[in-house]
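Participant: Once you've had a glance at the structure underneath, I'll fire off some questions.
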Amino acid sequence: MRYNCIIRFLLLLLFPVLLVAQELPPIENISPEIYDAGNQNWMISQDSNKNIYVANNSGLLEFNGAIWKLHHSPNGTIIRSVKVIEDLVYTGCYMEFGYWKRDPFGNLKYISLIDKLTVPLIKDEHFWNILELDNWILFQSLDRIYLYNLKDETFNVISAKSNRAVIFQVENSIYFQKINDGIFKIENGKSILVTDDAILKNNVLIGAFSIGKKTLFITEKGEFFFYDKNELRKWDITASNELEAKYIYCSIKLKDGSFMLGTTSNGIIHLDSNGNLLRKINKEKGLQNNTVLSIFEDSENNIWLGLDNGISLINLNSPFSVYNDSKGLLGDVYVVKIYKGYFYLGTNQGLFYKPLNSIDDFKLIKNTNGQVWCLKELKNTLFCGHNNGTYIIDENKAVHVSDFAGTWDVKEIDSNENLLLQGNYGGLSILEYSNNKWEFRNNLDGFDISSKSFEFITDNQIIVNHEYNGTFILNIDDEFQSIVVQKNIMAYGLGSSLVKYNDAIIYTSNENKGAVYNYNPENKNFIRNELLTRTFYNKGNEIIGTLVSDPVSESIWGFSDRNIICLSKGKFNKQPRKIEIPISNSFRRNLVVTGFENLTYFEDDIFLVGVSNGYVKLDLNKFKTEEYTIRINAINKALRNAPIESVSLNDTPEFKSDENSLNFSFSVPEFDKYTEVEYQYQLTKISDEWSSWFSKSNVSFENLPSGDYVFSIKARIGNTETNNIEKYSFSISKPWYFSNLMMLFYTLFFLIICFLIHRIYKRYYTVKHQRELMRSERKLKIENLNKEKELMKIRNEHLRRDIDSKNRELGISTMNLIKKNEFLNTIKKELITTKSVSNLKEIIKIIDKNLNSTDDWKLFKKSFTNVEKDFFNNIKIIHPTLTPNDLKLCAFLKLNLSSKEIAQLLNISPKSVEVKRYRLRKKLELPQIANLTDYIFNI
C-alpha cells in the first residue's frame, strides 16, 4: 500500500500535464444547500408523474423538476426508505412506517400503518427497505420483514436478522439474507432456505438479479456469483481488478442490462452486461461525494445517486458526453482533430494529444506551448496554425515550418499542388513544398490586414473577411507574390463569419443579424440565402458568433442561446435536414470566446465541440424529441393580514372578494442538465395574450377584480412545448358592497339622490330664476325710474320753462295791468283837472269801468293759477272765511307786490291797501311779529 502511494506520487511529479481522459455523461450535483435538508440520502423513488422522492435524514424530499420540498417524518426521525406504489408514497423510519397520500390541495398527508400491527415493534427498530410484490408490500428492518396485505390490510411478520437490511426481487421471487444462515426466499408468507453456501453465509449481499435463467448475486466486496440448479459459481469479469479493495454499498441493474455499483469511498462503477468496465465516476470526475448510499434509474434512464452528502444526477442517455478538464491544465479548447489514430486538442495552452479510443492521458506536444488556432489535414499532412506560425504534426512531434506570426488557417491552392495559402495576423502568406518538405516561401505584398477567414473564389481570386475592416475581394498575381486589386464589398460586422458550404461561400455577422448571404461571382456581391436565414435566424433563436462548416459531414452549424442548430443533407433524400439540439445558458457560456466556436466530425453522426474546460461529444444518434407534461402543483390564496392558505386543485372555486391574490406553482419533471424549462401563462379576463417566456416555476396575481377566470400554463423544454396546456378555472365574487342586493340598493339610492338633486337643483334654479327675475325687475324698475327721472327732469325743465314763461306772462300781465291802471289813473287825473266837465264824465265813467273790469282779474287769475295751481284751494282749506277780495290780495302778496303796486291793481289808494292788509292779518289770525308776506309765500 505504501509502495503504491510512492509510485503515484512519482507519477504526479514526472507528468504534471497528464489528465485522466474519460468522457462522461452530464452530471448535475445537488447540494444539501439546494434542497435544504439533511446530508444523507438513503433511498430514491419516482411516481407516475415523474416526481422524485428521496429518503433523507431530515424527512421525505419531493422534487417536481422545479422545486424541492421537505416533508418531515411523523416522529421527526430519519427516513431510511421510500417506495412509490401507484399513487401512494410508502416510507419507513425509526419505529414507524406508513404511506403518504396527496390531498385535494396537492399536499402529502401521512397515514401510519403501525396501528394495524398485531405484534409490537422491536426496540430501536429502523425500516431500511420497502419492496412491492403482487398485493404485498414488504417493510424490512435489521430484524424482521413485515408483509402488508393490501387486500385485507393485515400483516404477516417474518424474522430476518441481518447486518444489511436488503431484500431482492428476482423475477417473481423475493430473496433476503440471514446472518450466518444463508439466502432465503419468501413463499406463502414464510421464509424458505435457498442456499446456505459458505460464501453467501459469510459475505454481505448487496444485489441479486436475473441473468437469463440464472440468479446473479453480488457481494459487498464486488464479487459476482451465479446461482443455478443449487450450484454457486463465481463470474470472472474483466473489471475484477477495478473492484478489488472496493467496498460496495448498493447496486442496481439498469434497463439496458448493465450494472451500476455504488461504493463507500470511490463513487460509482458502471459495468456492461458482460462485466466490462464502462466508466468510473467519483468526486474527482464530477460527483458531489464519493460515498454512494443509493442508486435509482428514473423513467427517462437518468441515474439518481443518493450520497452521503447530497445528490448527484447523471444523464446517462444524454446526446452529450463531457470531457472535463477539472484541473485546468488544458485551457480553452479552440480546435479538436482526429488524425491517424490520434486525438488532438488545440488550446490556448498548446497542442495536446493522446492515442484514440484509449483512456490514456492527454499530453502536451513539445514546443507547442501557446495559442493554437487551427488543425488542418492537407496533402496527407497535419498542419497546426499557431500563435508562433505554422507547425507540421507527426504523432507526438511538431516541426516549425513558418515563423510568420499567427497562422489562422491554411488552405490548398488547386492550381498548384506544391503551394498552400495561409491566413496570418499580418495578411496572407505562401507555404511551398520543396526538397520533400514544407517551408515558408513568401508573404503576399499589398495586403497586410489580419486574415482569419478567407475562401477561394477562383485559383487567383480570394475573398477575405475581417470583422473590423470589412470583406475584401483580392486578385493575386500568377506567381502568388502580391495582391493586384483589392475591393471592399461589405461593411464590417462584429462576430462575422465566412465559410464554404456546398461549394458556396457563406457570410453572416452579428451586426447584420437576421440574414445569411451567398457570394454571387457573377455580380461580385452577396445575395440573401433564404434557407440558411430561416435556419439560423428564427425569431428568438438567432445564432451568436460564427457559423461552422464541416466538409466531412457536409453540414453547417450555429450556436444560439438555447440551441445548437445543424443543417445537413438528408439521409434518404436531397432535402436538407435541420436539427436543433437544446442547450442551457450555462452550456453556451462554456463555449470558447464568441467568434471562435468549433465543431469537428468524429464518426457516425458524432461530433466534438471544444469548450472552455475540455470538450463535449455530441451524439446525434441519441438525440430524440421527448414528450413533456406540465402540471399545476399548488395554488395558494392570500388574505389581508392572514396566513397563506392552500386551494383545492380539483374544484372550480369561487373565492371571496378579499381572497383575490393567488399564487400558482407548476412544473415539468425534466432532469436533463443541458435543457432548460421555460413557462408561458395566460389569464383570461386580464389578457387574452400569452405572456413572454420566463424561467420561474410560479406566478402570482394580486388584487384581481371580481369575475370569471381561466388560468392556462404551458412550457417549453429546449425547442419542445409540452403536449398539454394545464388550465384552472376559478371565479372571484363581488364584494358585499357590489352584490346584487347592494346594487339594487345603490340603484334605488342613486335614483333617490338623483331625484333629490333634481329637486334641489330645480328649487335652486327656480329661486335663482326668481332672484334673477327680481333683479331684472329691480334693474328694470331702476332703469324705468331713471328714465322717469330723466323724463321728469325733462318735464320739470319744461315745467320750469313753462313756469318761467307763465311767471313772465304773469309779471308782464301784472305790469301791464299796473301800467294800464296807472295810465288810466293818470288820464283820469288829467281829465279831472280839465275844466270842461260835461264831456268828460262819460270818459271818466268809461275809464272807471276799465279800472274795475273783472276781465283783467280773470286773466290775472288764470295766469296766476297756471303758476300756483293749488294756492287758492290750499288757502281756502286753511282759512275758509276768506272773501274773494281777500284771496285777490293774497295772490298779489304771493307775487311779492308792493302796496303801491297792489293799489294800482285794485285802483285804490295805498292806505286802503294797508287797511286791507291789516284786515287780512286779522282773518288769518297772524301774530304781531309774523310777516304777512312770508306766511303767504309758505302756503
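In the C-alpha cells, each chain is lettered A, B, ... as it comes, each chain's residues begin at 1, and ligands are numbered from 1 in order of appearance.
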Need to verify the contact set: A:Phe892, 9 Å, only C-alpha atoms, exclusion of same-chain residues closer than 6 positions in sequence. Can you return it as a ChimeraX atom specification?
Facilitator: /A:898,901-902,905
Participant: Please save C-alpha atoms of the selected residues as a PDB file, in the first residue's frame.
Facilitator:
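out-v4.pdb was written with the following content:
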ATOM      1  CA  SER A 898     -95.655 146.296  -3.015  1.00  0.00           C
ATOM      2  CA  GLU A 901     -98.392 148.151  -6.922  1.00  0.00           C
ATOM      3  CA  ILE A 902    -101.370 146.473  -5.288  1.00  0.00           C
ATOM      4  CA  LEU A 905    -104.151 146.973  -9.455  1.00  0.00           C
TER       5      LEU A 905
END
Participant: Which polymer residues have any atom within 8 Å of an atom of A:Phe472, counting only C-alpha atoms, with same-chain residues fewer than 2 positions away left out, as a ChimeraX atom specification?
Facilitator: /A:463-465,470,474,486-490
Participant: With distances taken over only C-alpha atoms, which residue among A:Lys569, A:His400, A:Arg588, A:Lys922 lies nearest A:Ile544?
Facilitator: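 So, comparing all the options, the nearest one is A:Arg588.
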Participant: May I have all residues of stretch 106-294 of chain A that DSSP, computed from the backbone, assigns to helix (DSSP H, G or I), given as a ChimeraX atom specification?
Facilitator: /A:114-116,198-202,240-243,283-285
Participant: Kindly indicate which residue among A:Leu193, A:Leu133, A:Leu316, A:Val170 lies nearest to A:Ala208, using only C-alpha atoms for the distances.
Facilitator: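 Looking at the shortest contact to A:Ala208, the residue is A:Val170.
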Participant: Fewer than 4 positions away in the same chain doesn't count, so skip those; otherwise give me all residues within 12 Å of stretch 381-383 of chain A, counting only C-alpha atoms, as a PyMOL selection string.
Facilitator: chain A and resi 337-340+342+344+346+351+372-377+389-402+407-412+420-422+431+433+437-439
Participant: What is the distance between atom CA of A:Cys250 and atom CA of A:Lys201, in Å to one decimal?
Facilitator: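 Computing the Euclidean distance for atom CA of A:Cys250 and atom CA of A:Lys201 yields 18.2 Å.
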Participant: One decimal, Å: what's the distance from atom CA of A:Phe184 over to atom CA of A:Gly262, could you say?
Facilitator: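 Separating atom CA of A:Phe184 from atom CA of A:Gly262 is a distance of 24.1 Å.
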Participant: Would you list, as a list of chain:residue names, the residues of stretch 136-168 of chain A that end up in strand (DSSP E) under DSSP run on this structure's backbone?
Facilitator: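 Taking stretch 136-168 of chain A and keeping strand (DSSP E) gives A:Trp136, A:Ile137, A:Leu138, A:Phe139, A:Gln140, A:Ser141, A:Arg144, A:Ile145, A:Tyr146, A:Leu147, A:Tyr148, A:Asn149, A:Phe155, A:Asn156, A:Val157, A:Ile158, A:Ser159, A:Ile167, A:Phe168.
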Participant: Rounded to one decimal, what separation in Å do you get between atom CA of A:Glu125 and atom CA of A:Ser162?
Facilitator: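 Separation between atom CA of A:Glu125 and atom CA of A:Ser162: 12.6 Å.
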Participant: Using only C-alpha atoms, which of A:Gln371, A:Gln904, A:Asn289, A:Ser648 sits nearest A:Thr826?
Facilitator: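 The shortest atom-to-atom distance to A:Thr826 comes from A:Gln904.
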Participant: Find the residues near A:Phe226: any atom within 6 Å, counting only C-alpha atoms, skip ones fewer than 4 places away on the same chain, and give them as a PyMOL selection string.
Facilitator: chain A and resi 215-216+232-233
Participant: How would the residues just picked look written out with C-alpha atoms as a PDB file, in the first residue's frame?
Facilitator:
ATOM      1  CA  THR A 215     -29.654 -15.720 -10.499  1.00  0.00           C
ATOM      2  CA  LEU A 216     -26.675 -13.391 -10.071  1.00  0.00           C
ATOM      3  CA  LEU A 232     -22.889 -21.393  -6.906  1.00  0.00           C
ATOM      4  CA  ARG A 233     -20.286 -20.312  -9.452  1.00  0.00           C
TER       5      ARG A 233
END
Participant: Using 12 Å as the limit and counting only C-alpha atoms, can you tabulate each residue of stretch 520-563 of chain A that touches stretch 605-620 of chain A, with its shortest atom-to-atom distance in Å and the two atoms involved, as CSV?
Facilitator:
residue,atom,partner,partner_atom,distance
A:Val548,CA,A:Val609,CA,10.8
A:Asp550,CA,A:Phe607,CA,9.8
A:Val552,CA,A:Asp605,CA,10.6
A:Ser553,CA,A:Asp605,CA,7.9
A:Glu554,CA,A:Asp605,CA,11.2
A:Ser555,CA,A:Asp605,CA,10.6
A:Trp557,CA,A:Val609,CA,11.0
A:Gly558,CA,A:Val609,CA,11.7
A:Phe559,CA,A:Val609,CA,11.0
Participant: Fewer than 4 positions away in the same chain doesn't count, so skip those; otherwise give me all residues within 10 Å of A:Ile543, counting only C-alpha atoms, as a PyMOL selection string.
Facilitator: chain A and resi 509-510+513-514+535-538+547+557-565
Participant: Keeping all heavy atoms, export the residues of the selection given above as a compact mmCIF listing (two decimals), in the first residue's frame.
Facilitator:
# COMPACT_ATOMS: atom_id res chain seq x y z
N SER A 509 -23.04 37.99 -40.02
CA SER A 509 -22.40 38.66 -38.89
C SER A 509 -23.44 39.04 -37.86
O SER A 509 -24.64 39.13 -38.16
CB SER A 509 -21.65 39.92 -39.35
OG SER A 509 -22.57 40.98 -39.59
N ASN A 510 -22.99 39.26 -36.64
CA ASN A 510 -23.90 39.69 -35.57
C ASN A 510 -24.44 41.08 -35.83
O ASN A 510 -25.53 41.44 -35.40
CB ASN A 510 -23.19 39.65 -34.22
CG ASN A 510 -22.89 38.23 -33.78
OD1 ASN A 510 -23.52 37.28 -34.25
ND2 ASN A 510 -21.91 38.05 -32.92
N LYS A 513 -27.59 40.91 -38.07
CA LYS A 513 -28.40 39.82 -37.56
C LYS A 513 -29.73 39.76 -38.30
O LYS A 513 -30.40 40.75 -38.49
CB LYS A 513 -28.64 39.99 -36.07
CG LYS A 513 -29.34 38.81 -35.41
CD LYS A 513 -29.37 38.96 -33.91
CE LYS A 513 -28.00 38.75 -33.33
NZ LYS A 513 -28.03 38.71 -31.85
N GLY A 514 -30.09 38.52 -38.68
CA GLY A 514 -31.35 38.33 -39.36
C GLY A 514 -31.20 37.80 -40.78
O GLY A 514 -32.19 37.51 -41.42
N THR A 535 -33.01 29.06 -41.19
CA THR A 535 -32.43 28.06 -40.30
C THR A 535 -31.76 28.69 -39.09
O THR A 535 -31.96 28.25 -37.95
CB THR A 535 -31.40 27.21 -41.07
OG1 THR A 535 -32.05 26.56 -42.17
CG2 THR A 535 -30.77 26.17 -40.15
N PHE A 536 -30.96 29.73 -39.31
CA PHE A 536 -30.11 30.26 -38.24
C PHE A 536 -30.62 31.56 -37.63
O PHE A 536 -30.03 32.04 -36.67
CB PHE A 536 -28.69 30.47 -38.77
CG PHE A 536 -28.03 29.18 -39.16
CD1 PHE A 536 -27.80 28.88 -40.50
CD2 PHE A 536 -27.65 28.27 -38.20
CE1 PHE A 536 -27.19 27.69 -40.86
CE2 PHE A 536 -27.04 27.07 -38.55
CZ PHE A 536 -26.81 26.77 -39.89
N TYR A 537 -31.70 32.11 -38.16
CA TYR A 537 -32.21 33.36 -37.61
C TYR A 537 -33.71 33.30 -37.39
O TYR A 537 -34.45 34.20 -37.76
CB TYR A 537 -31.84 34.54 -38.50
CG TYR A 537 -30.37 34.87 -38.44
CD1 TYR A 537 -29.51 34.49 -39.47
CD2 TYR A 537 -29.84 35.52 -37.34
CE1 TYR A 537 -28.16 34.77 -39.40
CE2 TYR A 537 -28.49 35.81 -37.27
CZ TYR A 537 -27.65 35.44 -38.30
OH TYR A 537 -26.31 35.72 -38.22
N ASN A 538 -34.16 32.20 -36.77
CA ASN A 538 -35.55 32.15 -36.32
C ASN A 538 -35.75 33.19 -35.24
O ASN A 538 -34.85 33.45 -34.43
CB ASN A 538 -35.88 30.76 -35.74
CG ASN A 538 -36.14 29.75 -36.84
OD1 ASN A 538 -36.58 30.10 -37.92
ND2 ASN A 538 -35.84 28.50 -36.57
N LEU A 547 -20.68 30.96 -37.90
CA LEU A 547 -21.11 29.67 -38.45
C LEU A 547 -19.90 28.76 -38.57
O LEU A 547 -18.77 29.21 -38.78
CB LEU A 547 -21.75 29.86 -39.82
CG LEU A 547 -23.09 30.59 -39.87
CD1 LEU A 547 -23.48 30.88 -41.31
CD2 LEU A 547 -24.16 29.77 -39.18
N TRP A 557 -23.20 24.57 -39.00
CA TRP A 557 -23.66 24.65 -37.62
C TRP A 557 -23.64 26.09 -37.13
O TRP A 557 -22.84 26.91 -37.58
CB TRP A 557 -22.76 23.81 -36.70
CG TRP A 557 -22.69 22.36 -37.05
CD1 TRP A 557 -22.04 21.80 -38.11
CD2 TRP A 557 -23.29 21.28 -36.34
NE1 TRP A 557 -22.21 20.43 -38.11
CE2 TRP A 557 -22.98 20.09 -37.02
CE3 TRP A 557 -24.07 21.21 -35.19
CZ2 TRP A 557 -23.40 18.84 -36.59
CZ3 TRP A 557 -24.51 19.97 -34.74
CH2 TRP A 557 -24.17 18.79 -35.45
N GLY A 558 -24.53 26.37 -36.18
CA GLY A 558 -24.54 27.65 -35.50
C GLY A 558 -24.97 27.46 -34.05
O GLY A 558 -25.63 26.47 -33.71
N PHE A 559 -24.60 28.40 -33.20
CA PHE A 559 -24.88 28.30 -31.77
C PHE A 559 -25.70 29.51 -31.33
O PHE A 559 -25.26 30.65 -31.46
CB PHE A 559 -23.57 28.26 -30.96
CG PHE A 559 -22.69 27.07 -31.29
CD1 PHE A 559 -21.83 27.11 -32.38
CD2 PHE A 559 -22.74 25.93 -30.52
CE1 PHE A 559 -21.02 26.03 -32.69
CE2 PHE A 559 -21.94 24.84 -30.81
CZ PHE A 559 -21.08 24.88 -31.90
N SER A 560 -26.91 29.23 -30.82
CA SER A 560 -27.74 30.30 -30.26
C SER A 560 -27.70 30.19 -28.73
O SER A 560 -27.00 29.34 -28.18
CB SER A 560 -29.18 30.19 -30.77
OG SER A 560 -29.85 29.10 -30.15
N ASP A 561 -28.46 31.04 -28.08
CA ASP A 561 -28.51 30.98 -26.62
C ASP A 561 -29.16 29.70 -26.13
O ASP A 561 -28.87 29.23 -25.03
CB ASP A 561 -29.30 32.18 -26.07
CG ASP A 561 -28.40 33.40 -25.92
OD1 ASP A 561 -27.18 33.23 -25.81
OD2 ASP A 561 -28.93 34.52 -25.94
N ARG A 562 -30.06 29.14 -26.95
CA ARG A 562 -30.85 28.00 -26.48
C ARG A 562 -30.62 26.71 -27.26
O ARG A 562 -31.07 25.65 -26.83
CB ARG A 562 -32.34 28.34 -26.57
CG ARG A 562 -32.78 29.48 -25.66
CD ARG A 562 -34.24 29.86 -25.86
NE ARG A 562 -35.10 28.72 -25.94
CZ ARG A 562 -35.78 28.33 -27.01
NH1 ARG A 562 -35.70 29.04 -28.13
NH2 ARG A 562 -36.54 27.27 -26.99
N ASN A 563 -29.91 26.79 -28.38
CA ASN A 563 -29.79 25.61 -29.23
C ASN A 563 -28.45 25.54 -29.94
O ASN A 563 -27.79 26.56 -30.16
CB ASN A 563 -30.89 25.61 -30.31
CG ASN A 563 -32.28 25.50 -29.75
OD1 ASN A 563 -32.69 24.42 -29.34
ND2 ASN A 563 -32.99 26.60 -29.72
N ILE A 564 -28.07 24.32 -30.29
CA ILE A 564 -27.06 24.09 -31.33
C ILE A 564 -27.85 23.73 -32.58
O ILE A 564 -28.63 22.77 -32.57
CB ILE A 564 -26.09 22.96 -30.95
CG1 ILE A 564 -25.34 23.31 -29.66
CG2 ILE A 564 -25.11 22.69 -32.07
CD1 ILE A 564 -24.44 22.19 -29.17
N ILE A 565 -27.69 24.51 -33.63
CA ILE A 565 -28.51 24.35 -34.83
C ILE A 565 -27.64 23.74 -35.93
O ILE A 565 -26.53 24.22 -36.20
CB ILE A 565 -29.08 25.69 -35.30
CG1 ILE A 565 -29.84 26.37 -34.14
CG2 ILE A 565 -29.99 25.52 -36.50
CD1 ILE A 565 -30.22 27.80 -34.40
Participant: Using only C-alpha atoms, find the one residue out of A:Thr652, A:Leu599, A:Leu254, A:Thr264 that sits nearest to A:Leu345.
Facilitator: A:Leu599
Participant: Any idea what's packed within 8 Å of A:Phe596, counting only C-alpha atoms, ignoring anything in its chain fewer than 6 positions away? Could you give it as a list in words?
Facilitator: Tyr334, Gly545 and Thr546 of chain A
Participant: Got time to write the residues from that selection, C-alpha atoms, as an mmCIF file, in the first residue's frame?
Facilitator:
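Output below, filename selection37.cif:
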data_model
loop_
_atom_site.group_PDB
_atom_site.id
_atom_site.type_symbol
_atom_site.label_atom_id
_atom_site.label_comp_id
_atom_site.auth_asym_id
_atom_site.auth_seq_id
_atom_site.Cartn_x
_atom_site.Cartn_y
_atom_site.Cartn_z
ATOM 1 C CA TYR A 334 -10.202 26.014 -29.802
ATOM 2 C CA GLY A 545 -20.961 34.058 -33.047
ATOM 3 C CA THR A 546 -19.774 32.402 -36.213
#
